[in-house]
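For reference, the structure is listed below as structure tokens.
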Amino acid sequence: MRAAYDEALAAGAELLDLLRAPAAEAPAERIQQLVDRRDAAVRAAVALFRPGDQEALRDVLEALVAQQRALEDALDRAMGELRRRLQEVEAVKATARRSRQVMDAGRRGRLLDQRR
């Protein structure tokens with residue numbers, strides 16, 4: 001059981017490192033692998049958990065809870081960064097659409113053509 005908790009902590013630490021890196025450098029596939037690995041380790045440890053184990057494993061359980069909070073915070077920051085980048089991309093797309101409309105040879109474009 002201790003090995004499963006240690007595996008969960010190791011996967012969580014690696015996941016935190018990835019989430020703290022710039023979004024472009026954190027591959028989504030690797031993040032998903034680490035989330036799955038940590039989840040499997042926690043599930044394995046929970047399956048082996050027996051009444052009274054909480055006292056013997058208090059330090060590990062507290063570390064897991066603290067790590068979970070840190071992971072949630074890091075994930076919130078990463079998602080916020082992705083949302084911000086998506087808004088930037090949408091703004092660039094909108095600018096490109098407007099530019100195409102202005103330069104369009106259709107009726108609107110002719111109305112804006114100052115060369116005539």
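Chains: A, B, ... in order of the structure tokens. Residues: from 1 per chain. Ligands: from 1, in order shown.
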Considering only C-alpha atoms, return as a PyMOL selection string whatever protein or nucleic-acid residues lie within 12 Å of Arg58 of chain A, sequence-local ones (same chain, fewer than 6 positions apart) excluded.
-> chain A and resi 2+5+52+64-65
Dump all heavy atoms for the selected residues as a JSON list (two decimals), in the first residue's frame?
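The file below, result-v9.json, is the result:
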```json
[["chain", "number", "residue", "atom", "x", "y", "z"],
["A", 2, "ARG", "N", 1.95, 1.21, 0.77],
["A", 2, "ARG", "CA", 2.85, 2.37, 0.84],
["A", 2, "ARG", "C", 3.45, 2.65, -0.54],
["A", 2, "ARG", "O", 3.59, 3.81, -0.94],
["A", 2, "ARG", "CB", 3.97, 2.08, 1.86],
["A", 2, "ARG", "CG", 4.88, 3.25, 2.10],
["A", 2, "ARG", "CD", 4.32, 4.00, 3.23],
["A", 2, "ARG", "NE", 5.28, 4.68, 4.05],
["A", 2, "ARG", "CZ", 4.94, 5.81, 4.64],
["A", 2, "ARG", "NH1", 3.75, 6.32, 4.46],
["A", 2, "ARG", "NH2", 5.77, 6.41, 5.43],
["A", 5, "TYR", "N", 0.96, 4.54, -2.65],
["A", 5, "TYR", "CA", 0.91, 5.95, -2.27],
["A", 5, "TYR", "C", 2.15, 6.70, -2.77],
["A", 5, "TYR", "O", 2.06, 7.83, -3.24],
["A", 5, "TYR", "CB", 0.77, 6.11, -0.76],
["A", 5, "TYR", "CG", -0.63, 5.90, -0.26],
["A", 5, "TYR", "CD1", -0.91, 4.97, 0.73],
["A", 5, "TYR", "CD2", -1.69, 6.63, -0.78],
["A", 5, "TYR", "CE1", -2.20, 4.77, 1.20],
["A", 5, "TYR", "CE2", -2.99, 6.44, -0.33],
["A", 5, "TYR", "CZ", -3.24, 5.52, 0.67],
["A", 5, "TYR", "OH", -4.52, 5.33, 1.12],
["A", 52, "GLY", "N", -7.62, 1.78, 10.66],
["A", 52, "GLY", "CA", -6.43, 1.92, 11.48],
["A", 52, "GLY", "C", -5.19, 2.32, 10.69],
["A", 52, "GLY", "O", -4.20, 2.77, 11.28],
["A", 64, "LEU", "N", -0.59, 13.69, 0.17],
["A", 64, "LEU", "CA", -1.46, 13.51, -0.98],
["A", 64, "LEU", "C", -2.54, 14.59, -1.06],
["A", 64, "LEU", "O", -2.84, 15.10, -2.14],
["A", 64, "LEU", "CB", -2.12, 12.13, -0.95],
["A", 64, "LEU", "CG", -1.31, 10.98, -1.54],
["A", 64, "LEU", "CD1", -1.99, 9.66, -1.24],
["A", 64, "LEU", "CD2", -1.11, 11.16, -3.02],
["A", 65, "VAL", "N", -3.11, 14.93, 0.07],
["A", 65, "VAL", "CA", -4.14, 15.97, 0.10],
["A", 65, "VAL", "C", -3.53, 17.32, -0.30],
["A", 65, "VAL", "O", -4.11, 18.05, -1.11],
["A", 65, "VAL", "CB", -4.82, 16.05, 1.48],
["A", 65, "VAL", "CG1", -5.68, 17.29, 1.61],
["A", 65, "VAL", "CG2", -5.65, 14.79, 1.74]]
```
Find the residues around Ala44 of chain A up to 12 Å (only C-alpha atoms counted), leave out those fewer than 5 positions away in its own chain, and share them as a list in words.
-> Met1, Arg2, Ala3, Ala4, Tyr5, Asp6, Glu7, Ala8, Arg37, Arg38, Asp39 and Phe49 of chain A
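When only C-alpha atoms are used to measure the gap to Val60 of chain A, the shortest distance among A:Ala28, A:Leu82, A:Ala45, A:Val92 belongs to A:Ala45.
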Those of chain A in DSSP alpha helix (DSSP H), formatted as an MDAnalysis selection string | chainID A and resid 2:20 28:48 53:56 58:103 107:112
